[in-house]
Amino acid sequence: MSLKLPQKRYFRQRAHANPFSDHHLDYPKSPAHIDWSLHYPAFFKSQTPIHAEESTSSSVQEETKQTISISESPIKAQRRVEFADLGCGYGGLLVALSTLYPDTLMLGNIRVKVEEYVREKIRALRLQHPGQYQNISIMRMNAMKFLPNFFEKGQLSKMFFLFPDPHFKTRKHKARIITTQLLAEYAYVLRVGGIIYTITDVKDLHEWMVRHLNEHPLFQRIPDEETNKDPVVFHVSTSTEEGKKVERNNGEKFLACYVRVEDPYHAQENS
Amino acid sequence: MSLRLPFTKLVHHPTKNFLILCFGGHFQAVDTSTGALIATTHSLHSIKTITNAFTIPENRLAEPVNLLPSPKHAINSEEAHTGLIRSIAFNAQGTCMASTDEDKVLKVWELEEKQWKLKNSRSVVKRVVSLAFDQTDAKIIAADKFGDVYRSFPIDLLENNVKGSSQLLLGHVSMVTDMALTPTNKYIITCDRDEHIRVSRYPNSYNIESFCLGHTHFVSKLHIIPWAADFLISGGGDDFVALWDYVHGTLLQTLDIKQFVVIPRQESKSMTVDNERITLDNETTIVDEDKSKLEEEINEEGIAVSAITSSAVSQHIALIIEKFPGIIILRWDQSRFVYHNTLELESDPLDIAYDLFGNLWVSITTSGNDKEKERPTILINLFRKTVNDHEYDKAANDDPLVKEINQYGSMLVDALPDLYPTGQLRKAGTDWRIQRKNQDEDYGDDASNLEGDSASSLSDSIKSKRKKIKTK
């Protein structure tokens, strides 16, 4: 078992995947069908293993090989994931936030192979720093299709969309991660008061995200003065591979944060 | 060879005794209390002066013209759809009917006492899979094949046409397969090919109330139970149908229906007359072969629920499974459904509808076999509700209620369209749990596919995509 951090060059991958294809990603029937204890063992110590054979026979190494911890039957989770980094890349944000919020469970997701890299990295960090980095994990998923399979209503308090695929062509705009249709799903998994963080170096995409979020009744822009006070924002901007790359190139970064608000709609309910 | 086109869709009027039967781009209506053909967009099929390109079998020419029924509402066939009618909906009062077809045309029909007529016709951007009327706003809601649901289409066409005036209600990153608006119009429920059932508030549909999760294959049909409107039944590619408390997204019950998909085999009858026995035995063998083929197919590929409906009279739920020649009847018992019985059919059902008396109307496939030409093809079966209890009596084919429609309904075509679209929603040819065996080889392919994945059409996905299976 190595203590060395994995090297990115062995995990290089095409940056994005087609969100519309059926793909081959397995996904749980519902959020209750995920065995989170495999992702955050330190937080689920007392939980009786549901899959005895899996938990007892497998070493740490084998455990981490498990791409997805789908359970056949529902499990009552003791702890829930609160931060989700959708399209987490190499996991830089998770690692940065892990020590900032040591008691909050965070999950990164990615559709492509770099998942293995992030998993290896988290494993190495956990071994290097006993007791730390227990609260972060990674899962391979197509969040545009299957988000409600992974998170329950109002479960999340923060969602991150850092340097998402710009999908430049007009024809491909519907594949962007922020659309009117998908915002309804993000609003569903995000609790009232929860925050969506978006950042990109593509101005056109930034304007697109701002426009769609502005138009959505369940989100409200957080003024810049306020976002600047948010300790997370610094990491959103600097901790990811993409963020660093933009910095190296002296590129511009566009940040927009939105809070999930109560539904302003009130039916003329007489009943 | 000319074939009778079967009815692909049956929809009953909400308050009056009208059953709408769709065939191709046309529809006809039957008065379900008398069996009289009351409306048609197409000349009745055995009229001698039929103005279509199809040849009429010789024996039909002999029919005396004066015996033909004359529907009260003869709608000009130029006003009919050109593409196959996919979806039909009535407004709450039953004064209007909307229909859409494969050619992306939406039509609104006015159903007045003295005249049924086309009110307006317009094109829509994408193919519509399901339609509903908003009760308060006189607007039409349409779910399209690409997963988006729009509300816009006002019953009365606006002066400056409708493009741009439609409002996006919600969207799935998947193919939406069915949609239902709750009776109070408080929620709009949509389901998709990726196992999801989504419950959104209405009209503030950007606010998702819940997801009903538990299906493991595509969901093809949703049905809100009329007498228990907080409950929803769903069915699709799974072996079961599911009962939901949809506001909370709670799965209340699953009922395995695949177990009822069994095809009874008749014993070979031995007859006294020798040559007759031979023919009979041969027929039985052929039929039995068909049956085992069907059973094999169902076992390998799973079932596909293609229609769910219910009758408030008997509190029965009827459902059909693609290619299975029977109707599965469930009854409502203490807020759960239980299996009641299976109504056997001679050929596959395409759609089902209850009338207001609790009688069940079934459209069945017409057979392409030569022997069928000898006798008039049956298009509609009727199962009458028995008077004192909730059982069914199959009406004879010359029963007055079905006689006219069977004799004069639909039209003749050269080739039948694809009558079995539901099963094609399944993602892979075989159940992914069966694929588990071949998983090792597949895994390598998957990894390379993932890398070079470019935009692929749905049909490509069906053909080439296989789901990666979890390692135990």
# chains A, B, ... in the order shown; residues from 1 in each chain; ligands from 1

call {"tool": "residues_around", "arguments": {"residues": "region 26-37 of chain A", "least_positions_apart": "6", "cutoff": "6 Å", "atoms": "only C-alpha atoms", "output": "PyMOL selection string"}}
result
(chain A and resi 44+69-71+74-75+149-151) or (chain B and resi 213-214+468)

call {"tool": "write_last_selection", "arguments": {"atoms": "C-alpha atoms", "output": "tab-separated table (two decimals), in the first residue's frame"}}
result
chain	number	residue	atom	x	y	z
A	44	PHE	CA	-20.19	5.46	10.04
A	69	SER	CA	-21.54	1.61	-3.43
A	70	ILE	CA	-24.98	0.61	-4.55
A	71	SER	CA	-27.07	-1.37	-2.19
A	74	PRO	CA	-32.53	0.66	1.37
A	75	ILE	CA	-30.21	1.73	4.19
A	149	ASN	CA	-30.99	9.08	-7.36
A	150	PHE	CA	-28.11	10.26	-5.19
A	151	PHE	CA	-29.47	13.09	-3.06
B	213	LEU	CA	-37.97	6.37	-7.33
B	214	GLY	CA	-37.97	2.61	-7.43
B	468	LYS	CA	-21.84	-1.21	-16.70

call {"tool": "atom_distance", "arguments": {"atom1": "CA of Leu168 (chain B)", "atom2": "CA of Ile141 (chain B)"}}
result
9.7 Å

call {"tool": "residues_around", "arguments": {"residues": "Glu215 (chain A)", "least_positions_apart": "2", "cutoff": "12 Å", "atoms": "only C-alpha atoms", "output": "PyMOL selection string"}}
result
(chain A and resi 178-181+183-184+208-213+217-221+258) or (chain B and resi 206)

call {"tool": "select_by_dssp", "arguments": {"residues": "region 11-230 of chain A", "states": "alpha helix (DSSP H)", "output": "number ranges by chain"}}
result
A: 52-57, 60-65, 92-100, 114-128, 143-150, 180-189, 203-215, 224-229

call {"tool": "write_last_selection", "arguments": {"atoms": "C-alpha atoms", "output": "mmCIF file, in the first residue's frame"}}
result
data_model
loop_
_atom_site.group_PDB
_atom_site.id
_atom_site.type_symbol
_atom_site.label_atom_id
_atom_site.label_comp_id
_atom_site.auth_asym_id
_atom_site.auth_seq_id
_atom_site.Cartn_x
_atom_site.Cartn_y
_atom_site.Cartn_z
ATOM 1 C CA ALA A 52 -21.226 -8.466 5.683
ATOM 2 C CA GLU A 53 -19.160 -10.208 3.092
ATOM 3 C CA GLU A 54 -18.124 -6.956 1.486
ATOM 4 C CA SER A 55 -17.135 -5.108 4.612
ATOM 5 C CA THR A 56 -15.367 -7.902 6.400
ATOM 6 C CA SER A 57 -13.468 -9.579 3.639
ATOM 7 C CA VAL A 60 -9.052 -0.939 2.389
ATOM 8 C CA GLN A 61 -7.583 -1.311 -1.015
ATOM 9 C CA GLU A 62 -10.390 -3.446 -2.295
ATOM 10 C CA GLU A 63 -12.935 -1.131 -0.794
ATOM 11 C CA THR A 64 -11.606 1.843 -2.639
ATOM 12 C CA LYS A 65 -11.775 -0.100 -5.858
ATOM 13 C CA GLY A 92 -8.901 20.208 -5.590
ATOM 14 C CA LEU A 93 -11.882 21.929 -4.023
ATOM 15 C CA LEU A 94 -12.854 18.899 -1.950
ATOM 16 C CA VAL A 95 -9.357 18.631 -0.540
ATOM 17 C CA ALA A 96 -9.287 22.342 0.272
ATOM 18 C CA LEU A 97 -12.696 22.384 1.937
ATOM 19 C CA SER A 98 -12.121 19.129 3.803
ATOM 20 C CA THR A 99 -10.066 20.736 6.532
ATOM 21 C CA LEU A 100 -12.163 23.902 6.508
ATOM 22 C CA VAL A 114 -10.340 10.760 -13.330
ATOM 23 C CA GLU A 115 -12.582 9.435 -10.588
ATOM 24 C CA GLU A 116 -9.921 6.792 -9.984
ATOM 25 C CA TYR A 117 -7.312 9.471 -9.553
ATOM 26 C CA VAL A 118 -9.421 11.394 -7.026
ATOM 27 C CA ARG A 119 -10.209 8.223 -5.128
ATOM 28 C CA GLU A 120 -6.543 7.313 -4.946
ATOM 29 C CA LYS A 121 -5.702 10.820 -3.852
ATOM 30 C CA ILE A 122 -8.255 10.784 -1.043
ATOM 31 C CA ARG A 123 -7.017 7.385 0.071
ATOM 32 C CA ALA A 124 -3.434 8.577 0.150
ATOM 33 C CA LEU A 125 -4.392 11.747 2.023
ATOM 34 C CA ARG A 126 -6.274 9.732 4.614
ATOM 35 C CA LEU A 127 -3.259 7.512 5.173
ATOM 36 C CA GLN A 128 -0.823 10.415 5.276
ATOM 37 C CA ALA A 143 -25.624 14.418 -12.404
ATOM 38 C CA MET A 144 -27.682 15.815 -15.252
ATOM 39 C CA LYS A 145 -29.661 12.629 -15.463
ATOM 40 C CA PHE A 146 -29.503 11.005 -12.072
ATOM 41 C CA LEU A 147 -29.052 13.636 -9.366
ATOM 42 C CA PRO A 148 -32.265 12.664 -7.514
ATOM 43 C CA ASN A 149 -30.988 9.081 -7.358
ATOM 44 C CA PHE A 150 -28.111 10.260 -5.193
ATOM 45 C CA THR A 180 -33.840 26.204 -16.612
ATOM 46 C CA GLN A 181 -34.846 22.549 -16.547
ATOM 47 C CA LEU A 182 -31.929 21.366 -14.414
ATOM 48 C CA LEU A 183 -32.164 24.271 -11.975
ATOM 49 C CA ALA A 184 -35.446 22.761 -10.801
ATOM 50 C CA GLU A 185 -33.533 19.615 -9.834
ATOM 51 C CA TYR A 186 -30.767 21.571 -8.122
ATOM 52 C CA ALA A 187 -33.394 23.524 -6.191
ATOM 53 C CA TYR A 188 -34.919 20.197 -5.172
ATOM 54 C CA VAL A 189 -31.743 18.747 -3.626
ATOM 55 C CA LYS A 203 -17.677 35.037 -20.229
ATOM 56 C CA ASP A 204 -20.433 33.783 -22.480
ATOM 57 C CA LEU A 205 -21.052 30.820 -20.211
ATOM 58 C CA HIS A 206 -21.009 33.066 -17.146
ATOM 59 C CA GLU A 207 -23.673 35.276 -18.688
ATOM 60 C CA TRP A 208 -25.684 32.218 -19.596
ATOM 61 C CA MET A 209 -25.540 30.858 -16.035
ATOM 62 C CA VAL A 210 -26.367 34.243 -14.508
ATOM 63 C CA ARG A 211 -29.297 34.729 -16.843
ATOM 64 C CA HIS A 212 -30.797 31.323 -16.096
ATOM 65 C CA LEU A 213 -30.241 31.571 -12.368
ATOM 66 C CA ASN A 214 -31.665 35.107 -12.291
ATOM 67 C CA GLU A 215 -34.771 33.944 -14.093
ATOM 68 C CA ASP A 224 -20.524 40.462 -4.383
ATOM 69 C CA GLU A 225 -19.790 42.190 -1.049
ATOM 70 C CA GLU A 226 -21.320 39.247 0.665
ATOM 71 C CA THR A 227 -19.724 36.526 -1.410
ATOM 72 C CA ASN A 228 -16.337 38.039 -0.719
ATOM 73 C CA LYS A 229 -16.860 37.336 2.977
#

call {"tool": "residues_around", "arguments": {"residues": "region 84-100 of chain B", "least_positions_apart": "5", "cutoff": "6 Å", "atoms": "only C-alpha atoms", "output": "JSON, numbers by chain"}}
result
{"B": [24, 25, 105, 106, 107, 108, 109, 110, 111, 130, 131, 132, 133]}

call {"tool": "residues_around", "arguments": {"residues": "Gly35 (chain B)", "least_positions_apart": "4", "cutoff": "10 Å", "atoms": "only C-alpha atoms", "output": "list of chain:residue names"}}
result
B:Asn17, B:Phe18, B:Leu19, B:Ala29, B:Val30, B:Asp31, B:Asp399, B:Pro400, B:Leu401, B:Val402, B:Lys403, B:Glu404, B:Ile405

call {"tool": "closest_residue", "arguments": {"among": "B:Met175, B:Leu170, B:Val305, B:Leu412", "to": "chain A", "atoms": "only C-alpha atoms"}}
result
B:Leu170

call {"tool": "closest_residue", "arguments": {"among": "A:Thr200, A:Asn109, A:Asn135, A:Asn142", "to": "chain B", "atoms": "only C-alpha atoms"}}
result
A:Asn142

call {"tool": "residues_around", "arguments": {"residues": "Gln134 (chain A)", "least_positions_apart": "3", "cutoff": "9 Å", "atoms": "only C-alpha atoms", "output": "VMD selection string"}}
result
chain A and resid 39 to 43 98 102 to 103 105 122 126 130 to 131 137

call {"tool": "write_last_selection", "arguments": {"atoms": "C-alpha atoms", "output": "PDB file, in the first residue's frame"}}
result
ATOM      1  CA  HIS A  39     -17.325   6.382   1.344  1.00  0.00           C
ATOM      2  CA  TYR A  40     -16.950   7.817   4.825  1.00  0.00           C
ATOM      3  CA  PRO A  41     -15.993   4.902   7.076  1.00  0.00           C
ATOM      4  CA  ALA A  42     -14.868   7.165   9.909  1.00  0.00           C
ATOM      5  CA  PHE A  43     -18.311   8.738  10.108  1.00  0.00           C
ATOM      6  CA  SER A  98     -12.121  19.129   3.803  1.00  0.00           C
ATOM      7  CA  PRO A 102     -14.035  18.763   8.904  1.00  0.00           C
ATOM      8  CA  ASP A 103     -17.469  17.662  10.079  1.00  0.00           C
ATOM      9  CA  LEU A 105     -19.563  15.252   4.370  1.00  0.00           C
ATOM     10  CA  ILE A 122      -8.255  10.784  -1.043  1.00  0.00           C
ATOM     11  CA  ARG A 126      -6.274   9.732   4.614  1.00  0.00           C
ATOM     12  CA  PRO A 130      -4.665  10.044  10.088  1.00  0.00           C
ATOM     13  CA  GLY A 131      -8.056  11.381  11.146  1.00  0.00           C
ATOM     14  CA  SER A 137     -15.322  11.212  -1.306  1.00  0.00           C
TER      15      SER A 137
END

call {"tool": "atom_distance", "arguments": {"atom1": "CA of His26 (chain B)", "atom2": "CA of Lys221 (chain B)"}}
result
23.2 Å

call {"tool": "atom_distance", "arguments": {"atom1": "CA of Val362 (chain B)", "atom2": "CA of Val261 (chain B)"}}
result
17.6 Å

call {"tool": "residues_around", "arguments": {"residues": "Asp85 (chain A)", "least_positions_apart": "3", "cutoff": "10 Å", "atoms": "only C-alpha atoms", "output": "MDAnalysis selection string"}}
result
chainID A and resid 88:89 91 93:94 106:110 138 158:162 196:197

call {"tool": "select_by_dssp", "arguments": {"residues": "region 192-394 of chain B", "states": "strand (DSSP E)", "output": "PyMOL selection string"}}
result
chain B and resi 192+197-201+208-212+219-224+231-236+240-245+250-256+305-311+316-321+326-333+336-344+349-354+360-364+380-385+392-394

call {"tool": "write_last_selection", "arguments": {"atoms": "C-alpha atoms", "output": "short mmCIF file (atom, residue, chain, number, x, y, z; two decimals), in the first residue's frame"}}
result
data_model
loop_
_atom_site.label_atom_id
_atom_site.label_comp_id
_atom_site.auth_asym_id
_atom_site.auth_seq_id
_atom_site.Cartn_x
_atom_site.Cartn_y
_atom_site.Cartn_z
CA ASP B 192 -39.11 9.18 -18.34
CA ILE B 197 -41.27 9.81 -12.01
CA ARG B 198 -41.17 13.51 -11.19
CA VAL B 199 -43.89 15.36 -9.32
CA SER B 200 -43.75 19.10 -9.92
CA ARG B 201 -46.07 21.69 -8.49
CA ILE B 208 -40.27 19.87 -7.68
CA GLU B 209 -42.38 18.36 -4.94
CA SER B 210 -40.95 14.86 -5.07
CA PHE B 211 -39.49 12.07 -7.10
CA CYS B 212 -41.02 8.62 -7.07
CA VAL B 219 -41.47 4.07 -17.00
CA SER B 220 -43.99 4.17 -19.83
CA LYS B 221 -47.35 4.82 -18.19
CA LEU B 222 -48.73 6.86 -15.32
CA HIS B 223 -52.27 6.66 -14.04
CA ILE B 224 -53.75 8.72 -11.21
CA PHE B 231 -52.35 7.71 -5.46
CA LEU B 232 -50.56 7.00 -8.66
CA ILE B 233 -49.95 3.75 -10.50
CA SER B 234 -46.94 3.45 -12.75
CA GLY B 235 -45.71 0.77 -15.06
CA GLY B 236 -43.05 0.27 -17.69
CA PHE B 240 -44.07 -4.95 -11.49
CA VAL B 241 -46.48 -2.07 -11.39
CA ALA B 242 -45.99 0.39 -8.54
CA LEU B 243 -48.38 2.30 -6.32
CA TRP B 244 -47.20 5.67 -5.03
CA ASP B 245 -48.18 8.35 -2.60
CA THR B 250 -43.41 7.15 -1.17
CA LEU B 251 -43.58 3.72 -2.75
CA LEU B 252 -46.60 2.03 -1.19
CA GLN B 253 -46.75 -1.20 -3.08
CA THR B 254 -45.27 -3.13 -5.94
CA LEU B 255 -47.22 -5.92 -7.54
CA ASP B 256 -45.44 -8.47 -9.69
CA VAL B 305 -46.64 -2.09 -19.87
CA SER B 306 -48.31 -0.25 -22.72
CA ALA B 307 -51.54 1.00 -21.13
CA ILE B 308 -53.04 1.46 -17.67
CA THR B 309 -56.60 2.60 -17.13
CA SER B 310 -59.29 2.31 -14.50
CA SER B 311 -63.02 2.43 -13.93
CA HIS B 316 -60.84 -1.87 -11.27
CA ILE B 317 -57.50 -1.10 -12.84
CA ALA B 318 -56.86 -2.65 -16.22
CA LEU B 319 -53.46 -2.91 -17.82
CA ILE B 320 -51.99 -4.39 -20.91
CA ILE B 321 -48.54 -5.64 -21.72
CA GLY B 326 -54.69 -10.64 -22.39
CA ILE B 327 -55.75 -7.89 -20.05
CA ILE B 328 -54.70 -7.95 -16.44
CA ILE B 329 -57.39 -6.71 -14.09
CA LEU B 330 -56.51 -5.49 -10.62
CA ARG B 331 -59.07 -4.50 -8.03
CA TRP B 332 -58.80 -1.89 -5.35
CA ASP B 333 -58.92 -3.28 -1.86
CA ARG B 336 -53.95 -1.41 -2.21
CA PHE B 337 -54.43 -3.22 -5.44
CA VAL B 338 -54.80 -6.95 -5.71
CA TYR B 339 -54.83 -9.18 -8.75
CA HIS B 340 -58.36 -9.88 -9.88
CA ASN B 341 -58.13 -11.88 -13.07
CA THR B 342 -56.86 -11.97 -16.63
CA LEU B 343 -59.18 -11.47 -19.58
CA GLU B 344 -58.01 -13.60 -22.45
CA PRO B 349 -54.30 -5.62 -27.31
CA LEU B 350 -53.11 -2.20 -28.47
CA ASP B 351 -55.11 -0.01 -26.14
CA ILE B 352 -57.89 -0.22 -23.60
CA ALA B 353 -60.56 2.15 -22.31
CA TYR B 354 -63.40 1.89 -19.83
CA LEU B 360 -63.97 -2.39 -21.01
CA TRP B 361 -63.21 -1.64 -24.68
CA VAL B 362 -60.16 -3.21 -26.20
CA SER B 363 -58.54 -2.60 -29.55
CA ILE B 364 -56.75 -5.65 -30.86
CA ILE B 380 -62.65 -4.16 -31.08
CA ASN B 381 -63.42 -6.52 -28.25
CA LEU B 382 -65.82 -5.52 -25.53
CA PHE B 383 -65.95 -6.87 -22.01
CA ARG B 384 -69.22 -5.95 -20.38
CA LYS B 385 -69.33 -5.46 -16.69
CA TYR B 392 -66.69 -9.32 -17.12
CA ASP B 393 -68.62 -10.96 -19.93
CA LYS B 394 -67.03 -10.92 -23.31
#

call {"tool": "closest_residue", "arguments": {"among": "B:Ser152, B:Asn207, B:Asn120, B:Gln167", "to": "chain A", "atoms": "only C-alpha atoms"}}
result
B:Asn207
